[in-house]
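Here's run-v1.cif, which has mmCIF, C-alpha atoms and all ligand atoms; chains and numbers go by the auth columns:
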```cif
data_input
loop_
_atom_site.group_PDB
_atom_site.id
_atom_site.type_symbol
_atom_site.label_atom_id
_atom_site.label_comp_id
_atom_site.label_asym_id
_atom_site.label_seq_id
_atom_site.Cartn_x
_atom_site.Cartn_y
_atom_site.Cartn_z
_atom_site.B_iso_or_equiv
_atom_site.auth_seq_id
_atom_site.auth_asym_id
ATOM 1 C CA MET A 1 0.000 0.000 0.000 0.00 1399 A
ATOM 2 C CA VAL A 2 1.527 3.311 -1.101 0.00 1400 A
ATOM 3 C CA GLU A 3 0.580 5.970 1.487 0.00 1401 A
ATOM 4 C CA GLN A 4 2.851 8.741 0.259 0.00 1402 A
ATOM 5 C CA ILE A 5 4.462 9.404 -3.091 0.00 1403 A
ATOM 6 C CA ASN A 6 8.203 9.830 -2.641 0.00 1404 A
ATOM 7 C CA LYS A 7 10.141 12.771 -4.076 0.00 1405 A
ATOM 8 C CA ALA A 8 11.473 10.928 -7.125 0.00 1406 A
ATOM 9 C CA ASN A 9 8.005 9.675 -7.998 0.00 1407 A
ATOM 10 C CA ILE A 10 6.513 13.157 -7.615 0.00 1408 A
ATOM 11 C CA GLU A 11 8.938 14.288 -10.310 0.00 1409 A
ATOM 12 C CA ARG A 12 8.405 11.160 -12.428 0.00 1410 A
ATOM 13 C CA HIS A 13 4.629 11.579 -12.417 0.00 1411 A
ATOM 14 C CA ALA A 14 4.499 15.385 -12.288 0.00 1412 A
ATOM 15 C CA ARG A 15 2.486 15.701 -15.522 0.00 1413 A
ATOM 16 C CA HIS A 16 -0.174 13.439 -14.020 0.00 1414 A
ATOM 17 C CA ILE A 17 -0.166 15.094 -10.617 0.00 1415 A
ATOM 18 C CA MET A 18 -0.730 18.552 -12.110 0.00 1416 A
ATOM 19 C CA LEU A 19 -3.942 17.354 -13.817 0.00 1417 A
ATOM 20 C CA LYS A 20 -6.977 18.167 -11.670 0.00 1418 A
ATOM 21 C CA GLU A 21 -8.620 14.927 -12.871 0.00 1419 A
ATOM 22 C CA ILE A 22 -5.726 12.875 -11.428 0.00 1420 A
ATOM 23 C CA GLY A 23 -3.679 14.869 -8.901 0.00 1421 A
ATOM 24 C CA GLY A 24 -1.635 13.405 -6.041 0.00 1422 A
ATOM 25 C CA HIS A 25 -4.632 11.405 -4.835 0.00 1423 A
ATOM 26 C CA GLY A 26 -5.206 9.856 -8.264 0.00 1424 A
ATOM 27 C CA GLN A 27 -1.522 9.044 -8.618 0.00 1425 A
ATOM 28 C CA LYS A 28 -1.663 7.169 -5.290 0.00 1426 A
ATOM 29 C CA LEU A 29 -4.683 5.224 -6.563 0.00 1427 A
ATOM 30 C CA ILE A 30 -2.671 4.307 -9.681 0.00 1428 A
ATOM 31 C CA ALA A 31 0.301 3.236 -7.529 0.00 1429 A
ATOM 32 C CA ASN A 32 -1.979 0.985 -5.455 0.00 1430 A
ATOM 33 C CA SER A 33 -3.704 -0.671 -8.408 0.00 1431 A
ATOM 34 C CA THR A 34 -3.267 -4.207 -9.700 0.00 1432 A
ATOM 35 C CA ILE A 35 -3.972 -4.674 -13.403 0.00 1433 A
ATOM 36 C CA ALA A 36 -4.092 -7.985 -15.296 0.00 1434 A
ATOM 37 C CA ILE A 37 -3.388 -7.937 -19.031 0.00 1435 A
ATOM 38 C CA ILE A 38 -4.316 -11.007 -21.035 0.00 1436 A
ATOM 39 C CA GLY A 39 -2.406 -11.151 -24.299 0.00 1437 A
ATOM 40 C CA VAL A 40 0.940 -9.369 -24.666 0.00 1438 A
ATOM 41 C CA GLY A 41 0.456 -8.753 -28.379 0.00 1439 A
ATOM 42 C CA GLY A 42 -0.629 -5.857 -30.582 0.00 1440 A
ATOM 43 C CA LEU A 43 -2.943 -4.432 -27.901 0.00 1441 A
ATOM 44 C CA GLY A 44 -1.191 -5.637 -24.755 0.00 1442 A
ATOM 45 C CA CYS A 45 2.188 -4.110 -25.692 0.00 1443 A
ATOM 46 C CA PRO A 46 1.201 -0.438 -26.014 0.00 1444 A
ATOM 47 C CA CYS A 47 -1.319 -0.773 -23.189 0.00 1445 A
ATOM 48 C CA ALA A 48 1.292 -2.236 -20.816 0.00 1446 A
ATOM 49 C CA LEU A 49 3.858 0.414 -21.802 0.00 1447 A
ATOM 50 C CA TYR A 50 1.506 3.282 -20.912 0.00 1448 A
ATOM 51 C CA LEU A 51 0.333 1.636 -17.694 0.00 1449 A
ATOM 52 C CA ALA A 52 3.917 0.974 -16.586 0.00 1450 A
ATOM 53 C CA ALA A 53 4.913 4.545 -17.439 0.00 1451 A
ATOM 54 C CA ALA A 54 1.857 5.721 -15.474 0.00 1452 A
ATOM 55 C CA GLY A 55 3.209 3.996 -12.363 0.00 1453 A
ATOM 56 C CA VAL A 56 0.663 1.248 -11.701 0.00 1454 A
ATOM 57 C CA GLY A 57 1.631 -0.782 -8.634 0.00 1455 A
ATOM 58 C CA LYS A 58 1.353 -4.248 -10.071 0.00 1456 A
ATOM 59 C CA LEU A 59 0.941 -5.671 -13.562 0.00 1457 A
ATOM 60 C CA ILE A 60 0.009 -9.302 -14.166 0.00 1458 A
ATOM 61 C CA LEU A 61 0.966 -10.293 -17.732 0.00 1459 A
ATOM 62 C CA ILE A 62 -0.633 -13.479 -19.072 0.00 1460 A
ATOM 63 C CA ASP A 63 0.520 -14.969 -22.402 0.00 1461 A
ATOM 64 C CA ASP A 64 2.004 -18.361 -23.325 0.00 1462 A
ATOM 65 C CA ASP A 65 3.524 -17.246 -26.637 0.00 1463 A
ATOM 66 C CA VAL A 66 7.108 -16.518 -27.669 0.00 1464 A
ATOM 67 C CA VAL A 67 8.246 -13.513 -29.706 0.00 1465 A
ATOM 68 C CA ASP A 68 8.161 -14.126 -33.464 0.00 1466 A
ATOM 69 C CA LEU A 69 9.787 -12.040 -36.200 0.00 1467 A
ATOM 70 C CA SER A 70 6.344 -11.202 -37.624 0.00 1468 A
ATOM 71 C CA ASN A 71 5.296 -9.687 -34.254 0.00 1469 A
ATOM 72 C CA LEU A 72 7.813 -6.842 -34.398 0.00 1470 A
ATOM 73 C CA GLN A 73 5.797 -4.814 -36.936 0.00 1471 A
ATOM 74 C CA ARG A 74 3.298 -3.903 -34.156 0.00 1472 A
ATOM 75 C CA GLN A 75 4.229 -5.432 -30.784 0.00 1473 A
ATOM 76 C CA ILE A 76 6.371 -2.531 -29.694 0.00 1474 A
ATOM 77 C CA LEU A 77 7.642 -3.976 -26.405 0.00 1475 A
ATOM 78 C CA PHE A 78 9.894 -6.385 -28.286 0.00 1476 A
ATOM 79 C CA LYS A 79 13.277 -6.111 -30.002 0.00 1477 A
ATOM 80 C CA THR A 80 14.804 -8.273 -32.721 0.00 1478 A
ATOM 81 C CA SER A 81 16.997 -9.875 -30.035 0.00 1479 A
ATOM 82 C CA ASP A 82 13.828 -11.037 -28.201 0.00 1480 A
ATOM 83 C CA ILE A 83 12.820 -13.426 -31.009 0.00 1481 A
ATOM 84 C CA GLY A 84 12.206 -16.865 -29.528 0.00 1482 A
ATOM 85 C CA ARG A 85 11.933 -15.583 -25.939 0.00 1483 A
ATOM 86 C CA PRO A 86 8.706 -15.825 -23.919 0.00 1484 A
ATOM 87 C CA LYS A 87 6.710 -12.637 -24.471 0.00 1485 A
ATOM 88 C CA VAL A 88 5.923 -12.173 -20.779 0.00 1486 A
ATOM 89 C CA ILE A 89 9.635 -12.317 -19.839 0.00 1487 A
ATOM 90 C CA ALA A 90 10.761 -9.913 -22.585 0.00 1488 A
ATOM 91 C CA ALA A 91 7.868 -7.608 -21.621 0.00 1489 A
ATOM 92 C CA GLN A 92 8.723 -7.778 -17.930 0.00 1490 A
ATOM 93 C CA GLU A 93 12.296 -6.652 -18.659 0.00 1491 A
ATOM 94 C CA ALA A 94 11.239 -3.834 -20.980 0.00 1492 A
ATOM 95 C CA LEU A 95 8.605 -2.529 -18.566 0.00 1493 A
ATOM 96 C CA ASN A 96 10.893 -2.710 -15.531 0.00 1494 A
ATOM 97 C CA ALA A 97 13.483 -0.766 -17.541 0.00 1495 A
ATOM 98 C CA ILE A 98 10.945 2.097 -17.579 0.00 1496 A
ATOM 99 C CA ASP A 99 10.199 1.818 -13.851 0.00 1497 A
ATOM 100 C CA GLY A 100 11.952 -0.722 -11.662 0.00 1498 A
ATOM 101 C CA ASP A 101 9.466 -0.182 -8.818 0.00 1499 A
ATOM 102 C CA ILE A 102 6.570 -1.759 -10.689 0.00 1500 A
ATOM 103 C CA GLU A 103 5.887 -5.320 -9.632 0.00 1501 A
ATOM 104 C CA ILE A 104 5.419 -7.371 -12.777 0.00 1502 A
ATOM 105 C CA ILE A 105 4.114 -10.917 -12.538 0.00 1503 A
ATOM 106 C CA ALA A 106 4.957 -12.834 -15.730 0.00 1504 A
ATOM 107 C CA VAL A 107 2.535 -15.723 -16.259 0.00 1505 A
ATOM 108 C CA LYS A 108 3.613 -17.890 -19.204 0.00 1506 A
ATOM 109 C CA GLU A 109 0.310 -19.699 -19.488 0.00 1507 A
ATOM 110 C CA ARG A 110 -2.639 -19.671 -21.822 0.00 1508 A
ATOM 111 C CA ILE A 111 -5.751 -18.557 -19.962 0.00 1509 A
ATOM 112 C CA ASN A 112 -8.424 -21.257 -19.853 0.00 1510 A
ATOM 113 C CA GLY A 113 -11.492 -22.360 -17.936 0.00 1511 A
ATOM 114 C CA GLN A 114 -9.330 -24.009 -15.281 0.00 1512 A
ATOM 115 C CA ASN A 115 -6.911 -21.180 -14.437 0.00 1513 A
ATOM 116 C CA ALA A 116 -8.889 -17.989 -15.274 0.00 1514 A
ATOM 117 C CA ASN A 117 -10.448 -17.431 -11.844 0.00 1515 A
ATOM 118 C CA GLU A 118 -7.183 -17.899 -10.002 0.00 1516 A
ATOM 119 C CA LEU A 119 -5.151 -15.736 -12.421 0.00 1517 A
ATOM 120 C CA LEU A 120 -7.616 -12.832 -12.342 0.00 1518 A
ATOM 121 C CA ALA A 121 -8.929 -12.941 -8.755 0.00 1519 A
ATOM 122 C CA ASN A 122 -6.426 -10.384 -7.421 0.00 1520 A
ATOM 123 C CA ALA A 123 -6.734 -7.849 -10.243 0.00 1521 A
ATOM 124 C CA ASP A 124 -8.649 -4.592 -9.759 0.00 1522 A
ATOM 125 C CA ILE A 125 -9.035 -4.217 -13.509 0.00 1523 A
ATOM 126 C CA ILE A 126 -8.844 -6.926 -16.171 0.00 1524 A
ATOM 127 C CA ILE A 127 -7.624 -5.915 -19.615 0.00 1525 A
ATOM 128 C CA ASP A 128 -8.540 -8.170 -22.506 0.00 1526 A
ATOM 129 C CA GLY A 129 -5.986 -7.911 -25.299 0.00 1527 A
ATOM 130 C CA SER A 130 -6.673 -11.415 -26.612 0.00 1528 A
ATOM 131 C CA ASP A 131 -7.181 -12.189 -30.284 0.00 1529 A
ATOM 132 C CA ASN A 132 -10.083 -14.656 -30.467 0.00 1530 A
ATOM 133 C CA PHE A 133 -13.717 -14.842 -29.426 0.00 1531 A
ATOM 134 C CA LYS A 134 -13.431 -17.985 -27.332 0.00 1532 A
ATOM 135 C CA THR A 135 -10.901 -16.286 -25.039 0.00 1533 A
ATOM 136 C CA ARG A 136 -12.866 -13.013 -25.029 0.00 1534 A
ATOM 137 C CA PHE A 137 -16.028 -14.800 -23.908 0.00 1535 A
ATOM 138 C CA LEU A 138 -14.089 -16.649 -21.192 0.00 1536 A
ATOM 139 C CA ILE A 139 -12.500 -13.426 -19.888 0.00 1537 A
ATOM 140 C CA ASN A 140 -15.877 -11.645 -19.994 0.00 1538 A
ATOM 141 C CA LYS A 141 -17.525 -14.462 -18.020 0.00 1539 A
ATOM 142 C CA THR A 142 -14.684 -14.618 -15.477 0.00 1540 A
ATOM 143 C CA ALA A 143 -14.671 -10.843 -14.955 0.00 1541 A
ATOM 144 C CA TYR A 144 -18.473 -10.971 -14.553 0.00 1542 A
ATOM 145 C CA ASP A 145 -18.314 -13.819 -12.005 0.00 1543 A
ATOM 146 C CA LEU A 146 -15.550 -12.046 -10.048 0.00 1544 A
ATOM 147 C CA LYS A 147 -17.449 -8.695 -10.217 0.00 1545 A
ATOM 148 C CA LYS A 148 -14.382 -6.923 -11.643 0.00 1546 A
ATOM 149 C CA VAL A 149 -13.897 -4.078 -14.104 0.00 1547 A
ATOM 150 C CA LEU A 150 -13.164 -5.306 -17.644 0.00 1548 A
ATOM 151 C CA VAL A 151 -11.549 -3.194 -20.355 0.00 1549 A
ATOM 152 C CA SER A 152 -11.856 -4.995 -23.672 0.00 1550 A
ATOM 153 C CA GLY A 153 -10.185 -4.223 -26.987 0.00 1551 A
ATOM 154 C CA ALA A 154 -10.197 -5.743 -30.455 0.00 1552 A
ATOM 155 C CA LEU A 155 -8.532 -5.061 -33.782 0.00 1553 A
ATOM 156 C CA GLY A 156 -9.425 -5.394 -37.439 0.00 1554 A
ATOM 157 C CA ARG A 157 -7.311 -4.561 -40.473 0.00 1555 A
ATOM 158 C CA PHE A 158 -7.398 -0.766 -40.135 0.00 1556 A
ATOM 159 C CA ASP A 159 -9.930 -0.510 -37.318 0.00 1557 A
ATOM 160 C CA GLY A 160 -10.425 -1.285 -33.687 0.00 1558 A
ATOM 161 C CA GLN A 161 -12.777 -1.028 -30.746 0.00 1559 A
ATOM 162 C CA VAL A 162 -12.643 -0.467 -26.998 0.00 1560 A
ATOM 163 C CA ALA A 163 -15.332 -1.125 -24.406 0.00 1561 A
ATOM 164 C CA ALA A 164 -15.421 -1.164 -20.602 0.00 1562 A
ATOM 165 C CA PHE A 165 -17.688 -2.811 -18.046 0.00 1563 A
ATOM 166 C CA ASP A 166 -17.973 -2.612 -14.268 0.00 1564 A
ATOM 167 C CA PHE A 167 -19.440 -5.883 -13.069 0.00 1565 A
ATOM 168 C CA SER A 168 -19.767 -4.672 -9.469 0.00 1566 A
ATOM 169 C CA ASP A 169 -22.869 -2.950 -10.910 0.00 1567 A
ATOM 170 C CA PRO A 170 -25.594 -5.558 -11.549 0.00 1568 A
ATOM 171 C CA GLN A 171 -27.125 -3.255 -14.193 0.00 1569 A
ATOM 172 C CA SER A 172 -23.938 -3.277 -16.302 0.00 1570 A
ATOM 173 C CA PRO A 173 -24.094 -4.859 -19.753 0.00 1571 A
ATOM 174 C CA CYS A 174 -21.253 -7.198 -20.712 0.00 1572 A
ATOM 175 C CA TYR A 175 -19.165 -7.949 -23.797 0.00 1573 A
ATOM 176 C CA GLN A 176 -21.466 -10.792 -24.784 0.00 1574 A
ATOM 177 C CA CYS A 177 -24.490 -8.444 -24.747 0.00 1575 A
ATOM 178 C CA PHE A 178 -22.718 -6.751 -27.682 0.00 1576 A
ATOM 179 C CA VAL A 179 -21.348 -9.899 -29.363 0.00 1577 A
ATOM 180 C CA PRO A 180 -23.726 -12.765 -28.401 0.00 1578 A
ATOM 181 C CA ASP A 181 -21.997 -15.483 -30.455 0.00 1579 A
ATOM 182 C CA THR A 182 -18.778 -16.103 -32.326 0.00 1580 A
ATOM 183 C CA PRO A 183 -19.237 -14.560 -35.791 0.00 1581 A
ATOM 184 C CA PRO A 184 -19.388 -17.158 -38.605 0.00 1582 A
ATOM 185 C CA ILE A 185 -16.042 -15.991 -39.975 0.00 1583 A
ATOM 186 C CA GLU A 186 -13.663 -15.162 -37.173 0.00 1584 A
ATOM 187 C CA GLU A 187 -11.409 -12.260 -38.069 0.00 1585 A
ATOM 188 C CA ASP A 188 -7.782 -13.043 -37.388 0.00 1586 A
ATOM 189 C CA CYS A 189 -4.904 -10.675 -38.064 0.00 1587 A
ATOM 190 C CA ASN A 190 -2.763 -13.690 -39.004 0.00 1588 A
ATOM 191 C CA ILE A 191 -4.959 -14.071 -42.086 0.00 1589 A
ATOM 192 C CA LEU A 192 -6.328 -10.563 -42.657 0.00 1590 A
ATOM 193 C CA GLY A 193 -3.330 -8.457 -41.688 0.00 1591 A
ATOM 194 C CA VAL A 194 -3.359 -5.394 -39.417 0.00 1592 A
ATOM 195 C CA VAL A 195 -1.697 -2.001 -39.715 0.00 1593 A
ATOM 196 C CA GLY A 196 0.733 -1.622 -36.795 0.00 1594 A
ATOM 197 C CA ALA A 197 -0.238 1.886 -35.722 0.00 1595 A
ATOM 198 C CA ILE A 198 -3.887 0.936 -35.105 0.00 1596 A
ATOM 199 C CA CYS A 199 -2.621 -1.351 -32.301 0.00 1597 A
ATOM 200 C CA GLY A 200 -0.998 1.676 -30.686 0.00 1598 A
ATOM 201 C CA ILE A 201 -4.183 3.746 -30.918 0.00 1599 A
ATOM 202 C CA ILE A 202 -6.488 1.081 -29.503 0.00 1600 A
ATOM 203 C CA GLY A 203 -3.969 -0.166 -26.901 0.00 1601 A
ATOM 204 C CA ALA A 204 -3.387 3.403 -25.678 0.00 1602 A
ATOM 205 C CA LEU A 205 -7.158 3.977 -25.485 0.00 1603 A
ATOM 206 C CA MET A 206 -7.412 0.860 -23.297 0.00 1604 A
ATOM 207 C CA ALA A 207 -4.678 2.236 -21.011 0.00 1605 A
ATOM 208 C CA LEU A 208 -6.396 5.642 -20.909 0.00 1606 A
ATOM 209 C CA GLU A 209 -9.776 4.155 -19.958 0.00 1607 A
ATOM 210 C CA THR A 210 -8.044 2.075 -17.272 0.00 1608 A
ATOM 211 C CA ILE A 211 -6.374 5.170 -15.806 0.00 1609 A
ATOM 212 C CA LYS A 212 -9.688 7.082 -15.904 0.00 1610 A
ATOM 213 C CA ILE A 213 -11.512 4.294 -14.065 0.00 1611 A
ATOM 214 C CA ILE A 214 -8.769 3.922 -11.427 0.00 1612 A
ATOM 215 C CA THR A 215 -8.739 7.680 -10.809 0.00 1613 A
ATOM 216 C CA LYS A 216 -12.549 7.878 -10.481 0.00 1614 A
ATOM 217 C CA ASN A 217 -13.152 9.684 -13.763 0.00 1615 A
ATOM 218 C CA ARG A 218 -15.920 7.204 -14.418 0.00 1616 A
ATOM 219 C CA GLU A 219 -18.715 9.473 -15.681 0.00 1617 A
ATOM 220 C CA THR A 220 -16.741 10.237 -18.832 0.00 1618 A
ATOM 221 C CA SER A 221 -15.318 6.732 -19.210 0.00 1619 A
ATOM 222 C CA LEU A 222 -16.412 4.055 -21.686 0.00 1620 A
ATOM 223 C CA LEU A 223 -18.106 1.995 -18.937 0.00 1621 A
ATOM 224 C CA GLY A 224 -21.185 0.481 -20.602 0.00 1622 A
ATOM 225 C CA ARG A 225 -20.190 1.880 -23.993 0.00 1623 A
ATOM 226 C CA ILE A 226 -18.064 0.908 -26.970 0.00 1624 A
ATOM 227 C CA LEU A 227 -15.849 3.167 -29.085 0.00 1625 A
ATOM 228 C CA LEU A 228 -15.370 2.080 -32.690 0.00 1626 A
ATOM 229 C CA TYR A 229 -12.460 3.594 -34.582 0.00 1627 A
ATOM 230 C CA ASP A 230 -12.072 3.323 -38.357 0.00 1628 A
ATOM 231 C CA GLY A 231 -8.449 4.163 -39.031 0.00 1629 A
ATOM 232 C CA LEU A 232 -8.775 4.133 -42.801 0.00 1630 A
ATOM 233 C CA LYS A 233 -11.521 6.790 -42.759 0.00 1631 A
ATOM 234 C CA ALA A 234 -10.140 8.513 -39.631 0.00 1632 A
ATOM 235 C CA GLN A 235 -13.602 8.345 -38.054 0.00 1633 A
ATOM 236 C CA SER A 236 -14.837 7.178 -34.674 0.00 1634 A
ATOM 237 C CA ARG A 237 -18.212 6.674 -33.029 0.00 1635 A
ATOM 238 C CA THR A 238 -19.344 5.627 -29.577 0.00 1636 A
ATOM 239 C CA LEU A 239 -22.383 3.481 -28.844 0.00 1637 A
ATOM 240 C CA ASN A 240 -24.185 2.640 -25.610 0.00 1638 A
ATOM 241 C CA ILE A 241 -24.327 -1.120 -25.079 0.00 1639 A
ATOM 242 C CA PRO A 242 -27.805 -2.075 -23.870 0.00 1640 A
ATOM 243 C CA LYS A 243 -27.999 -4.905 -21.341 0.00 1641 A
ATOM 244 C CA ASP A 244 -29.412 -8.008 -23.027 0.00 1642 A
ATOM 245 C CA ARG A 245 -31.796 -9.723 -20.586 0.00 1643 A
ATOM 246 C CA ASN A 246 -31.253 -12.976 -22.501 0.00 1644 A
ATOM 247 C CA CYS A 247 -27.437 -12.679 -22.549 0.00 1645 A
ATOM 248 C CA ASN A 248 -25.670 -16.014 -22.013 0.00 1646 A
ATOM 249 C CA THR A 249 -23.320 -14.410 -19.491 0.00 1647 A
ATOM 250 C CA CYS A 250 -25.184 -11.679 -17.595 0.00 1648 A
ATOM 251 C CA GLY A 251 -28.871 -12.234 -18.461 0.00 1649 A
ATOM 252 C CA HIS A 252 -31.564 -14.118 -16.554 0.00 1650 A
ATOM 253 C CA HIS A 253 -30.963 -17.748 -17.453 0.00 1651 A
HETATM 254 ZN ZN ZN B . -24.305 -9.663 -21.105 0.00 1701 B
#
```

Is it possible to give me this structure as structure tokens?
Amino acid sequence: MVEQINKANIERHARHIMLKEIGGHGQKLIANSTIAIIGVGGLGCPCALYLAAAGVGKLILIDDDVVDLSNLQRQILFKTSDIGRPKVIAAQEALNAIDGDIEIIAVKERINGQNANELLANADIIIDGSDNFKTRFLINKTAYDLKKVLVSGALGRFDGQVAAFDFSDPQSPCYQCFVPDTPPIEEDCNILGVVGAICGIIGALMALETIKIITKNRETSLLGRILLYDGLKAQSRTLNIPKDRNCNTCGHH
């Protein structure tokens, strides 16, 4: 528990502390937060970089993959010399090089129905940077069962989306209210391609929403809403997600 921000950290986080929406109190909330990131890929990399730079207390990184040459076009935590290394270990080193005080738990596992509850139980906020619907539905269900905050992101070729849910509120919709079933053709950047910079935009938006929720800027957050960004047209729109009473996850069964 961080009670006081020390002198070095006041200087490090000065541009946060001078914001009335964050301030010294908000920076202490950030320093006391535990964030789990599932998927250290296109979304997880930029998101983790901004959260580490922001001074979060503890980051739990969950990914069973190793760095591949074809990742480097967008997964900006990794260097050419990291090829073949576990992503969570390379990420842990890179993030601790920004701020050695951040506790980073590297979990080289694939999240599944057996380990999800245990891996996510201690997180204040769960960030879904996974790349398939099966995992997204599992994370959504786990976050719902644990009554956590979920920040969810997804990418297309030139576009992306971000949504947030607070499952401590029984009235909150969930990800599956918006996407009830796996679409017939699952979009996969391994097949469709993805422009690297869109990962940075969407991953940074996920970090920003996380910081807003931690620092109690909830009224203007994406909680219960989804932001859709079309990078090719340079257009965005935000939709309210209505709660689906028949939702498989959060509806009346
Ligand atoms: Zn739902």

Step by step, measure atom-to-atom distances between ligand ZN 1701 (chain B) and each residue using all atoms listed in the file, keep those at most 7 Å, then write them as a ChimeraX atom specification. /A:1571-1575,1641-1642,1645-1649

What does the file look like for those residues with C-alpha atoms, as a PDB file, in the coordinates of the input?
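Written output follows (again_22.pdb):
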```pdb
ATOM      1  CA  PRO A1571     -24.094  -4.859 -19.753  1.00  0.00           C
ATOM      2  CA  CYS A1572     -21.253  -7.198 -20.712  1.00  0.00           C
ATOM      3  CA  TYR A1573     -19.165  -7.949 -23.797  1.00  0.00           C
ATOM      4  CA  GLN A1574     -21.466 -10.792 -24.784  1.00  0.00           C
ATOM      5  CA  CYS A1575     -24.490  -8.444 -24.747  1.00  0.00           C
ATOM      6  CA  LYS A1641     -27.999  -4.905 -21.341  1.00  0.00           C
ATOM      7  CA  ASP A1642     -29.412  -8.008 -23.027  1.00  0.00           C
ATOM      8  CA  CYS A1645     -27.437 -12.679 -22.549  1.00  0.00           C
ATOM      9  CA  ASN A1646     -25.670 -16.014 -22.013  1.00  0.00           C
ATOM     10  CA  THR A1647     -23.320 -14.410 -19.491  1.00  0.00           C
ATOM     11  CA  CYS A1648     -25.184 -11.679 -17.595  1.00  0.00           C
ATOM     12  CA  GLY A1649     -28.871 -12.234 -18.461  1.00  0.00           C
TER      13      GLY A1649
END
```

Under the PyMOL selection byres (((chain A and resi 1564) around 10) and not hetatm), which residues of this model are included? Write them out as number ranges by chain. A: 1523, 1541-1542, 1545-1549, 1562-1563, 1565-1572, 1611, 1621-1622

Evaluate the PyMOL selection byres (((chain A and resi 1626-1636) around 10) and not hetatm) and report residues as a list in words: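 Those residues are Gly1551, Ala1552, Leu1553, Gly1554, Arg1555, Phe1556, Asp1557, Gly1558, Gln1559, Val1560, Ala1561, Val1593, Ala1595, Ile1596, Ile1599, Ile1600, Leu1620, Arg1623, Ile1624, Leu1625, Leu1637, Asn1638 and Ile1639 of chain A.
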
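Residues within 8 Å of Gly1439 in chain A, counting only C-alpha atoms and excluding same-chain residues fewer than 6 positions away, are Asn1469, Gln1473, Gly1527 and Ser1528 of chain A.
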
Compare A:Lys1456, A:Lys1418, A:Lys1614, A:His1423 by their minimum atom-to-atom distance to Ile1403 in chain A, counting only C-alpha atoms, and give me the closest one. A:His1423

Env of Gln1512 in chain A: 12 Å cut, atoms = only C-alpha atoms, seq-sep filter 5 positions within chain, self excluded. Answer as a PyMOL selection string. chain A and resi 1507+1517-1518+1536-1537+1540

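Between CA of Gln1471 in chain A and CA of Gly1594 in chain A the interatomic distance comes to 6.0 Å.
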
Can you sort out range 1418-1432 of chain A so it carries N, CA and C atoms, written as an mmCIF file, in the frame of the given file?
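The resulting file, rebuild-v9.cif, is reproduced below:
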```cif
data_model
loop_
_atom_site.group_PDB
_atom_site.id
_atom_site.type_symbol
_atom_site.label_atom_id
_atom_site.label_comp_id
_atom_site.auth_asym_id
_atom_site.auth_seq_id
_atom_site.Cartn_x
_atom_site.Cartn_y
_atom_site.Cartn_z
ATOM 1 N N LYS A 1418 -5.985 18.180 -12.755
ATOM 2 C CA LYS A 1418 -6.977 18.167 -11.670
ATOM 3 C C LYS A 1418 -7.765 16.861 -11.657
ATOM 4 N N GLU A 1419 -7.875 16.194 -12.811
ATOM 5 C CA GLU A 1419 -8.620 14.927 -12.871
ATOM 6 C C GLU A 1419 -7.837 13.768 -12.241
ATOM 7 N N ILE A 1420 -6.535 13.933 -12.049
ATOM 8 C CA ILE A 1420 -5.726 12.875 -11.428
ATOM 9 C C ILE A 1420 -5.169 13.376 -10.094
ATOM 10 N N GLY A 1421 -4.220 14.296 -10.140
ATOM 11 C CA GLY A 1421 -3.679 14.869 -8.901
ATOM 12 C C GLY A 1421 -2.870 13.864 -8.095
ATOM 13 N N GLY A 1422 -2.412 14.278 -6.923
ATOM 14 C CA GLY A 1422 -1.635 13.405 -6.041
ATOM 15 C C GLY A 1422 -2.465 12.223 -5.573
ATOM 16 N N HIS A 1423 -3.755 12.480 -5.298
ATOM 17 C CA HIS A 1423 -4.632 11.405 -4.835
ATOM 18 C C HIS A 1423 -4.804 10.339 -5.923
ATOM 19 N N GLY A 1424 -5.042 10.791 -7.147
ATOM 20 C CA GLY A 1424 -5.206 9.856 -8.264
ATOM 21 C C GLY A 1424 -3.936 9.066 -8.520
ATOM 22 N N GLN A 1425 -2.785 9.739 -8.389
ATOM 23 C CA GLN A 1425 -1.522 9.044 -8.618
ATOM 24 C C GLN A 1425 -1.307 7.952 -7.565
ATOM 25 N N LYS A 1426 -1.753 8.202 -6.326
ATOM 26 C CA LYS A 1426 -1.663 7.169 -5.290
ATOM 27 C C LYS A 1426 -2.589 5.991 -5.616
ATOM 28 N N LEU A 1427 -3.763 6.303 -6.154
ATOM 29 C CA LEU A 1427 -4.683 5.224 -6.563
ATOM 30 C C LEU A 1427 -4.038 4.373 -7.661
ATOM 31 N N ILE A 1428 -3.356 5.037 -8.603
ATOM 32 C CA ILE A 1428 -2.671 4.307 -9.681
ATOM 33 C C ILE A 1428 -1.578 3.409 -9.073
ATOM 34 N N ALA A 1429 -0.816 3.984 -8.142
ATOM 35 C CA ALA A 1429 0.301 3.236 -7.529
ATOM 36 C C ALA A 1429 -0.178 2.041 -6.708
ATOM 37 N N ASN A 1430 -1.429 2.083 -6.265
ATOM 38 C CA ASN A 1430 -1.979 0.985 -5.455
ATOM 39 C C ASN A 1430 -2.819 0.013 -6.271
ATOM 40 N N SER A 1431 -2.821 0.169 -7.596
ATOM 41 C CA SER A 1431 -3.704 -0.671 -8.408
ATOM 42 C C SER A 1431 -2.978 -1.912 -8.928
ATOM 43 N N THR A 1432 -3.747 -2.964 -9.101
ATOM 44 C CA THR A 1432 -3.267 -4.207 -9.700
ATOM 45 C C THR A 1432 -4.055 -4.448 -10.986
#
```
